[in-house]
$ cat run_10.cif   # mmCIF, C-alpha atoms
data_entry
#
loop_
_atom_site.group_PDB
_atom_site.id
_atom_site.type_symbol
_atom_site.label_atom_id
_atom_site.label_comp_id
_atom_site.auth_asym_id
_atom_site.auth_seq_id
_atom_site.Cartn_x
_atom_site.Cartn_y
_atom_site.Cartn_z
ATOM 1 C CA MET A 1 4.486 -39.285 0.007
ATOM 2 C CA GLY A 2 4.468 -39.853 -3.769
ATOM 3 C CA ILE A 3 1.921 -41.782 -5.789
ATOM 4 C CA GLU A 4 3.443 -44.083 -8.375
ATOM 5 C CA SER A 5 1.906 -46.060 -11.192
ATOM 6 C CA ASP A 6 2.781 -49.749 -11.565
ATOM 7 C CA SER A 7 2.148 -52.782 -13.747
ATOM 8 C CA THR A 8 -0.869 -53.870 -11.663
ATOM 9 C CA ASN A 9 -2.806 -50.804 -12.845
ATOM 10 C CA ALA A 10 -2.725 -49.115 -9.456
ATOM 11 C CA ASP A 11 -3.750 -45.907 -11.217
ATOM 12 C CA SER A 12 -7.288 -47.257 -11.512
ATOM 13 C CA ARG A 13 -7.549 -46.946 -7.734
ATOM 14 C CA LEU A 14 -6.543 -43.285 -7.728
ATOM 15 C CA ALA A 15 -8.900 -40.312 -7.645
ATOM 16 C CA VAL A 16 -7.680 -37.889 -10.320
ATOM 17 C CA GLN A 17 -9.044 -34.424 -11.038
ATOM 18 C CA PHE A 18 -7.790 -31.897 -13.571
ATOM 19 C CA TYR A 19 -8.870 -28.317 -12.895
ATOM 20 C CA LYS A 20 -7.902 -24.675 -13.412
ATOM 21 C CA ARG A 21 -6.293 -22.581 -10.703
ATOM 22 C CA SER A 22 -5.492 -18.876 -10.835
ATOM 23 C CA VAL A 23 -1.975 -18.033 -9.657
ATOM 24 C CA ASN A 24 -0.830 -14.584 -8.587
ATOM 25 C CA GLN A 25 1.828 -13.124 -10.899
ATOM 26 C CA GLU A 26 3.929 -11.097 -8.469
ATOM 27 C CA ALA A 27 6.099 -9.193 -10.949
ATOM 28 C CA GLU A 28 3.144 -8.281 -13.162
ATOM 29 C CA SER A 29 1.073 -7.269 -10.114
ATOM 30 C CA ILE A 30 3.781 -4.896 -8.899
ATOM 31 C CA ALA A 31 4.185 -3.404 -12.380
ATOM 32 C CA ALA A 32 0.420 -2.902 -12.817
ATOM 33 C CA GLY A 33 -0.295 -1.682 -9.297
ATOM 34 C CA ARG A 34 -3.138 -4.199 -8.883
ATOM 35 C CA PRO A 35 -3.507 -7.966 -8.483
ATOM 36 C CA ILE A 36 -2.728 -9.835 -11.693
ATOM 37 C CA PHE A 37 -3.569 -13.532 -11.858
ATOM 38 C CA LYS A 38 -3.148 -16.149 -14.567
ATOM 39 C CA GLU A 39 -4.979 -19.461 -14.826
ATOM 40 C CA PHE A 40 -3.107 -22.730 -15.248
ATOM 41 C CA ASP A 41 -4.129 -26.373 -15.589
ATOM 42 C CA PHE A 42 -3.584 -28.277 -12.342
ATOM 43 C CA VAL A 43 -4.029 -31.921 -11.385
ATOM 44 C CA ARG A 44 -5.040 -33.348 -8.026
ATOM 45 C CA ILE A 45 -4.182 -37.029 -7.408
ATOM 46 C CA LEU A 46 -5.076 -38.892 -4.249
ATOM 47 C CA VAL A 47 -5.705 -42.354 -2.859
ATOM 48 C CA PRO A 48 -9.236 -42.551 -1.436
ATOM 49 C CA GLY A 49 -9.044 -43.064 2.310
ATOM 50 C CA ASP A 50 -5.383 -41.965 2.551
ATOM 51 C CA SER A 51 -5.059 -38.278 3.467
ATOM 52 C CA LEU A 52 -1.246 -38.412 3.354
ATOM 53 C CA SER A 53 -0.943 -39.382 -0.304
ATOM 54 C CA GLU A 54 -2.369 -36.314 -2.040
ATOM 55 C CA ILE A 55 -0.554 -34.623 -4.913
ATOM 56 C CA ASP A 56 -1.711 -31.207 -6.127
ATOM 57 C CA THR A 57 0.492 -29.648 -8.804
ATOM 58 C CA TYR A 58 0.713 -28.093 -12.259
ATOM 59 C CA ALA A 59 -0.556 -30.494 -14.920
ATOM 60 C CA ALA A 60 2.409 -31.710 -16.966
ATOM 61 C CA GLU A 61 2.377 -33.662 -20.211
ATOM 62 C CA SER A 62 3.242 -36.781 -18.238
ATOM 63 C CA HIS A 63 0.022 -36.412 -16.220
ATOM 64 C CA LYS A 64 -2.068 -35.996 -19.377
ATOM 65 C CA THR A 65 -0.506 -39.144 -20.842
ATOM 66 C CA ARG A 66 -0.784 -41.126 -17.631
ATOM 67 C CA PHE A 67 -4.463 -40.254 -17.080
ATOM 68 C CA PRO A 68 -5.828 -39.868 -20.631
ATOM 69 C CA ILE A 69 -9.490 -40.495 -19.717
ATOM 70 C CA GLN A 70 -9.554 -37.876 -16.937
ATOM 71 C CA TRP A 71 -7.700 -35.419 -19.178
ATOM 72 C CA ALA A 72 -10.147 -35.992 -22.036
ATOM 73 C CA ASN A 73 -13.111 -35.455 -19.710
ATOM 74 C CA TYR A 74 -11.549 -32.243 -18.456
ATOM 75 C CA GLN A 75 -10.909 -31.042 -21.997
ATOM 76 C CA ASN A 76 -14.507 -31.773 -22.949
ATOM 77 C CA LYS A 77 -15.628 -29.709 -19.979
ATOM 78 C CA VAL A 78 -13.463 -26.620 -20.539
ATOM 79 C CA GLY A 79 -13.131 -26.979 -24.314
ATOM 80 C CA ASN A 80 -10.568 -24.640 -25.857
ATOM 81 C CA GLN A 81 -11.207 -21.995 -23.249
ATOM 82 C CA GLU A 82 -8.035 -20.098 -22.435
ATOM 83 C CA GLY A 83 -7.301 -19.293 -18.847
ATOM 84 C CA PHE A 84 -7.838 -15.656 -17.955
ATOM 85 C CA VAL A 85 -5.031 -13.191 -17.332
ATOM 86 C CA GLY A 86 -5.884 -10.077 -15.354
ATOM 87 C CA THR A 87 -7.401 -8.897 -12.091
ATOM 88 C CA PRO A 88 -9.944 -11.497 -10.859
ATOM 89 C CA ILE A 89 -13.389 -10.021 -10.383
ATOM 90 C CA GLU A 90 -13.401 -11.037 -6.706
ATOM 91 C CA GLN A 91 -10.258 -8.907 -6.165
ATOM 92 C CA TRP A 92 -12.135 -5.742 -7.204
ATOM 93 C CA PRO A 93 -13.264 -3.771 -4.101
ATOM 94 C CA GLN A 94 -16.268 -2.458 -6.046
ATOM 95 C CA VAL A 95 -18.131 -5.782 -5.931
ATOM 96 C CA THR A 96 -19.329 -7.990 -3.112
ATOM 97 C CA ARG A 97 -18.610 -11.688 -2.916
ATOM 98 C CA SER A 98 -22.099 -12.556 -4.155
ATOM 99 C CA GLN A 99 -21.774 -10.111 -7.075
ATOM 100 C CA ALA A 100 -18.432 -11.657 -7.977
ATOM 101 C CA ASP A 101 -19.998 -15.133 -7.972
ATOM 102 C CA GLU A 102 -22.839 -13.943 -10.223
ATOM 103 C CA LEU A 103 -20.455 -12.203 -12.611
ATOM 104 C CA ARG A 104 -18.286 -15.300 -12.842
ATOM 105 C CA GLY A 105 -21.454 -17.238 -13.622
ATOM 106 C CA LEU A 106 -21.920 -14.853 -16.567
ATOM 107 C CA LYS A 107 -18.304 -15.561 -17.649
ATOM 108 C CA PHE A 108 -16.981 -12.176 -16.509
ATOM 109 C CA TYR A 109 -13.885 -13.426 -14.725
ATOM 110 C CA THR A 110 -11.790 -10.243 -14.628
ATOM 111 C CA VAL A 111 -12.185 -6.492 -14.171
ATOM 112 C CA GLU A 112 -10.644 -6.112 -17.624
ATOM 113 C CA ALA A 113 -13.478 -8.182 -19.118
ATOM 114 C CA ILE A 114 -16.033 -5.685 -17.783
ATOM 115 C CA ALA A 115 -14.005 -2.614 -18.744
ATOM 116 C CA ASN A 116 -13.528 -3.820 -22.343
ATOM 117 C CA CYS A 117 -16.838 -5.555 -23.071
ATOM 118 C CA SER A 118 -19.281 -4.430 -25.756
ATOM 119 C CA ASP A 119 -22.706 -2.894 -25.095
ATOM 120 C CA GLN A 120 -24.302 -6.233 -25.982
ATOM 121 C CA GLN A 121 -22.121 -8.063 -23.472
ATOM 122 C CA LEU A 122 -22.759 -5.332 -20.912
ATOM 123 C CA GLN A 123 -26.508 -5.925 -21.115
ATOM 124 C CA ARG A 124 -25.992 -9.432 -19.744
ATOM 125 C CA ILE A 125 -24.805 -7.986 -16.429
ATOM 126 C CA GLY A 126 -28.143 -6.279 -15.837
ATOM 127 C CA MET A 127 -29.094 -5.897 -12.175
ATOM 128 C CA VAL A 128 -25.996 -7.725 -10.952
ATOM 129 C CA ALA A 129 -24.082 -4.423 -11.109
ATOM 130 C CA GLY A 130 -26.396 -2.729 -8.590
ATOM 131 C CA MET A 131 -26.284 0.401 -10.762
ATOM 132 C CA SER A 132 -26.533 1.277 -14.423
ATOM 133 C CA THR A 133 -24.349 -1.071 -16.437
ATOM 134 C CA HIS A 134 -22.531 1.812 -18.149
ATOM 135 C CA SER A 135 -21.681 3.373 -14.769
ATOM 136 C CA PHE A 136 -20.450 -0.054 -13.659
ATOM 137 C CA GLN A 137 -18.221 -0.295 -16.717
ATOM 138 C CA GLN A 138 -16.867 3.229 -16.140
ATOM 139 C CA LYS A 139 -15.971 2.271 -12.567
ATOM 140 C CA ALA A 140 -14.069 -0.733 -13.912
ATOM 141 C CA LYS A 141 -12.159 1.496 -16.328
ATOM 142 C CA ALA A 142 -11.451 4.048 -13.578
ATOM 143 C CA TYR A 143 -10.119 1.302 -11.310
ATOM 144 C CA LEU A 144 -7.730 0.054 -13.984
ATOM 145 C CA ASN A 145 -6.591 3.592 -14.851
ATOM 146 C CA LEU A 146 -6.009 4.490 -11.216
ATOM 147 C CA ALA A 147 -4.015 1.315 -10.660
ATOM 148 C CA SER A 148 -1.958 2.048 -13.765
ATOM 149 C CA ASN A 149 -1.261 5.636 -12.663
ATOM 150 C CA THR A 150 -0.348 4.470 -9.173
ATOM 151 C CA ALA A 151 2.029 1.895 -10.641
ATOM 152 C CA ASP A 152 3.607 4.589 -12.854
ATOM 153 C CA VAL A 153 4.169 6.870 -9.848
ATOM 154 C CA ALA A 154 5.654 3.997 -7.848
ATOM 155 C CA LYS A 155 7.903 3.073 -10.779
ATOM 156 C CA ARG A 156 9.105 6.677 -11.171
ATOM 157 C CA GLU A 157 9.822 6.897 -7.436
ATOM 158 C CA GLU A 158 11.726 3.615 -7.642
ATOM 159 C CA GLU A 159 13.766 4.943 -10.571
ATOM 160 C CA LEU A 160 14.483 8.191 -8.686
ATOM 161 C CA GLN A 161 15.577 6.244 -5.625
ATOM 162 C CA ALA A 162 17.893 4.110 -7.761
ATOM 163 C CA LEU A 163 19.318 7.307 -9.293
ATOM 164 C CA ARG A 164 19.861 8.812 -5.819
ATOM 165 C CA GLU A 165 21.665 5.681 -4.674
ATOM 166 C CA GLU A 166 23.818 5.643 -7.808
ATOM 167 C CA ASN A 167 24.747 9.324 -7.359
ATOM 168 C CA ALA A 168 25.557 8.731 -3.693
ATOM 169 C CA LYS A 169 27.845 5.838 -4.668
ATOM 170 C CA ILE A 170 29.586 7.949 -7.332
ATOM 171 C CA LYS A 171 30.083 10.758 -4.810
ATOM 172 C CA ALA A 172 31.470 8.342 -2.214
ATOM 173 C CA ASP A 173 33.874 6.839 -4.770
ATOM 174 C CA THR A 174 34.964 10.325 -5.892
ATOM 175 C CA ASP A 175 35.501 11.525 -2.312
ATOM 176 C CA ALA A 176 37.571 8.415 -1.573
ATOM 177 C CA LYS A 177 39.777 8.990 -4.635
ATOM 178 C CA ILE A 178 40.260 12.665 -3.748
ATOM 179 C CA ALA A 179 41.220 11.735 -0.190
ATOM 180 C CA GLU A 180 43.688 9.149 -1.509
ATOM 181 C CA MET A 181 45.227 11.702 -3.889
ATOM 182 C CA GLN A 182 45.534 14.216 -1.060
ATOM 183 C CA VAL A 183 47.387 11.678 1.067
ATOM 184 C CA GLN A 184 49.716 10.845 -1.815
ATOM 185 C CA MET A 185 50.369 14.552 -2.478
ATOM 186 C CA ALA A 186 51.069 15.198 1.213
ATOM 187 C CA ASN A 187 53.587 12.327 1.235
ATOM 188 C CA ILE A 188 55.322 13.707 -1.838
ATOM 189 C CA LEU A 189 55.536 17.218 -0.372
ATOM 190 C CA ALA A 190 56.845 15.835 2.917
ATOM 191 C CA ALA A 191 59.522 13.885 1.079
ATOM 192 C CA VAL A 192 60.585 16.966 -0.919
ATOM 193 C CA ALA A 193 60.723 19.210 2.166
ATOM 194 C CA LYS A 194 62.770 16.765 4.256
ATOM 195 C CA PRO A 195 66.450 17.980 4.502
ATOM 196 C CA LYS A 196 68.967 15.636 3.012
ATOM 197 C CA THR A 197 71.781 14.461 5.289
ATOM 198 C CA ARG A 198 75.220 14.889 3.738
ATOM 199 C CA LYS A 199 77.900 12.328 4.261
ATOM 200 C CA PRO A 200 81.086 13.770 5.905
ATOM 201 C CA LYS A 201 84.042 14.096 3.617
ATOM 202 C CA VAL A 202 86.921 11.817 4.328
ATOM 203 C CA VAL A 203 90.282 13.714 4.314
ATOM 204 C CA GLU A 204 93.137 11.546 3.203
ATOM 205 C CA ALA A 205 96.390 11.873 5.087
#

$ encode --input "run_10.cif" --output "structure tokens"
Amino acid sequence: MGIESDSTNADSRLAVQFYKRSVNQEAESIAAGRPIFKEFDFVRILVPGDSLSEIDTYAAESHKTRFPIQWANYQNKVGNQEGFVGTPIEQWPQVTRSQADELRGLKFYTVEAIANCSDQQLQRIGMVAGMSTHSFQQKAKAYLNLASNTADVAKREEELQALREENAKIKADTDAKIAEMQVQMANILAAVAKPKTRKPKVVEA
């Protein structure tokens, strides 16, 4: 059921929330060999007391224009912060759920953020890592490298499989053409070898 605005300012009775949601990028995840997510702006619109009228979708320009106050409040909250792109920290097997929550609280949203952070940034992690911070960072780098190597191997195997299939198709096409040529040649030879019937001569009286 849709929720429409009208001239009686029905929008004032709607509950509207803009928020960020991370969405799995399937093609990028396959290419990288690990989960890759990207954050987008979403909007949730509902009528209080009506569970059948909820809309939850990507925030479009029309939503920002239609609900300028809610959009402004959301912008004030997130500022110019860009949504992360990478492997979410909670997707990393190295950390527990509670560690992931603490790291997100420190603004480390992705494994890449830990692998690439400076020594000063690394100090903020402290005891959250459960080990020395430099060892924690090395584990993050090793995870990304392993995923990359695994993706490379998978990609090479995929390319080899495609090459095998292409060669098999070429061979099948070639075999079919050879068989067709053999049939044509056999027909020609049969036609040449077939004795010609001569018409009897007519003797005039």

$ atom_distance --input "run_10.cif" --atom1 "atom CA of A:Leu144" --atom2 "atom CA of A:Ile89"
12.1 Å

$ residues_around --input "run_10.cif" --residues "A:Pro48" --least-positions-apart "6" --cutoff "9 Å" --atoms "all atoms listed in the file" --output "list of chain:residue names"
A:Arg13, A:Leu14, A:Ala15

$ write_last_selection --input "run_10.cif" --atoms "C-alpha atoms" --output "mmCIF file, in the coordinates of the input"
data_model
loop_
_atom_site.group_PDB
_atom_site.id
_atom_site.type_symbol
_atom_site.label_atom_id
_atom_site.label_comp_id
_atom_site.auth_asym_id
_atom_site.auth_seq_id
_atom_site.Cartn_x
_atom_site.Cartn_y
_atom_site.Cartn_z
ATOM 1 C CA ARG A 13 -7.549 -46.946 -7.734
ATOM 2 C CA LEU A 14 -6.543 -43.285 -7.728
ATOM 3 C CA ALA A 15 -8.900 -40.312 -7.645
#

$ closest_residue --input "run_10.cif" --among "A:Ser98, A:Lys20, A:Arg34, A:Arg124" --to "A:Thr57" --atoms "all atoms listed in the file"
A:Lys20

$ residues_around --input "run_10.cif" --residues "A:Ser29" --least-positions-apart "4" --cutoff "12 Å" --atoms "all atoms listed in the file" --output "list in words"
Val23, Asn24, Gln25, Gly33, Arg34, Pro35, Ile36, Phe37, Lys38, Val85, Gly86, Thr87, Pro88, Ala147, Ser148, Thr150 and Ala151 of chain A

$ resolve_selection --input "run_10.cif" --expression "the PyMOL selection byres ((chain A and resi 46) around 10)" --output "PyMOL selection string"
chain A and resi 2-3+11+13-17+44-45+47-56

$ closest_residue --input "run_10.cif" --among "A:Ser62, A:Thr174, A:Gln75, A:Gln94" --to "A:Met131" --atoms "all atoms listed in the file"
A:Gln94

$ residues_around --input "run_10.cif" --residues "A:Asp41" --least-positions-apart "3" --cutoff "7 Å" --atoms "all atoms listed in the file" --output "list of chain:residue names"
A:Phe18, A:Tyr19, A:Lys20, A:Arg21, A:Tyr58, A:Ala59

$ residues_around --input "run_10.cif" --residues "A:Lys141" --least-positions-apart "4" --cutoff "8 Å" --atoms "all atoms listed in the file" --output "list in words"
Glu112, Ala115, Gln137 and Asn145 of chain A

$ closest_residue --input "run_10.cif" --among "A:Ala142, A:Val43, A:Val78, A:Cys117" --to "A:Glu61" --atoms "all atoms listed in the file"
A:Val43

$ resolve_selection --input "run_10.cif" --expression "the PyMOL selection byres ((chain A and resi 90) around 10)" --output "MDAnalysis selection string"
chainID A and resid 87:89 91:101 103:104 109:111

$ atom_distance --input "run_10.cif" --atom1 "atom CA of A:Phe42" --atom2 "atom CA of A:Ala27"
21.4 Å

$ residues_around --input "run_10.cif" --residues "A:Gln123" --least-positions-apart "2" --cutoff "12 Å" --atoms "only C-alpha atoms" --output "PyMOL selection string"
chain A and resi 106+114+117-121+125-129+132-134+136-137

$ atom_distance --input "run_10.cif" --atom1 "atom CA of A:Glu180" --atom2 "atom CA of A:Glu166"
21.1 Å

$ build_atoms --input "run_10.cif" --residues "stretch 48-64 of chain A" --atoms "N, CA and C atoms" --output "mmCIF file, keeping the file's coordinate frame"
data_model
loop_
_atom_site.group_PDB
_atom_site.id
_atom_site.type_symbol
_atom_site.label_atom_id
_atom_site.label_comp_id
_atom_site.auth_asym_id
_atom_site.auth_seq_id
_atom_site.Cartn_x
_atom_site.Cartn_y
_atom_site.Cartn_z
ATOM 1 N N PRO A 48 -8.082 -42.637 -2.324
ATOM 2 C CA PRO A 48 -9.236 -42.551 -1.436
ATOM 3 C C PRO A 48 -8.969 -43.231 -0.093
ATOM 4 N N GLY A 49 -9.243 -42.516 0.979
ATOM 5 C CA GLY A 49 -9.044 -43.064 2.310
ATOM 6 C C GLY A 49 -7.663 -42.807 2.881
ATOM 7 N N ASP A 50 -6.744 -42.226 2.083
ATOM 8 C CA ASP A 50 -5.383 -41.965 2.551
ATOM 9 C C ASP A 50 -5.111 -40.468 2.408
ATOM 10 N N SER A 51 -5.216 -39.731 3.499
ATOM 11 C CA SER A 51 -5.059 -38.278 3.467
ATOM 12 C C SER A 51 -3.607 -37.834 3.316
ATOM 13 N N LEU A 52 -2.659 -38.759 3.432
ATOM 14 C CA LEU A 52 -1.246 -38.412 3.354
ATOM 15 C C LEU A 52 -0.666 -38.586 1.958
ATOM 16 N N SER A 53 -1.471 -39.049 1.024
ATOM 17 C CA SER A 53 -0.943 -39.382 -0.304
ATOM 18 C C SER A 53 -1.428 -38.439 -1.396
ATOM 19 N N GLU A 54 -1.821 -37.229 -1.041
ATOM 20 C CA GLU A 54 -2.369 -36.314 -2.040
ATOM 21 C C GLU A 54 -1.263 -35.543 -2.766
ATOM 22 N N ILE A 55 -1.436 -35.433 -4.079
ATOM 23 C CA ILE A 55 -0.554 -34.623 -4.913
ATOM 24 C C ILE A 55 -1.419 -33.562 -5.583
ATOM 25 N N ASP A 56 -0.975 -32.313 -5.517
ATOM 26 C CA ASP A 56 -1.711 -31.207 -6.127
ATOM 27 C C ASP A 56 -0.682 -30.301 -6.782
ATOM 28 N N THR A 57 -0.598 -30.345 -8.130
ATOM 29 C CA THR A 57 0.492 -29.648 -8.804
ATOM 30 C C THR A 57 0.073 -29.227 -10.202
ATOM 31 N N TYR A 58 0.953 -28.487 -10.871
ATOM 32 C CA TYR A 58 0.713 -28.093 -12.259
ATOM 33 C C TYR A 58 0.594 -29.352 -13.119
ATOM 34 N N ALA A 59 -0.356 -29.345 -14.034
ATOM 35 C CA ALA A 59 -0.556 -30.494 -14.920
ATOM 36 C C ALA A 59 0.536 -30.517 -15.990
ATOM 37 N N ALA A 60 1.348 -31.548 -15.977
ATOM 38 C CA ALA A 60 2.409 -31.710 -16.966
ATOM 39 C C ALA A 60 1.943 -32.674 -18.053
ATOM 40 N N GLU A 61 2.721 -32.744 -19.123
ATOM 41 C CA GLU A 61 2.377 -33.662 -20.211
ATOM 42 C C GLU A 61 2.342 -35.098 -19.725
ATOM 43 N N SER A 62 3.214 -35.415 -18.765
ATOM 44 C CA SER A 62 3.242 -36.781 -18.238
ATOM 45 C C SER A 62 1.934 -37.137 -17.535
ATOM 46 N N HIS A 63 1.308 -36.167 -16.869
ATOM 47 C CA HIS A 63 0.022 -36.412 -16.220
ATOM 48 C C HIS A 63 -1.077 -36.652 -17.254
ATOM 49 N N LYS A 64 -1.044 -35.867 -18.331
ATOM 50 C CA LYS A 64 -2.068 -35.996 -19.377
ATOM 51 C C LYS A 64 -1.964 -37.363 -20.063
#
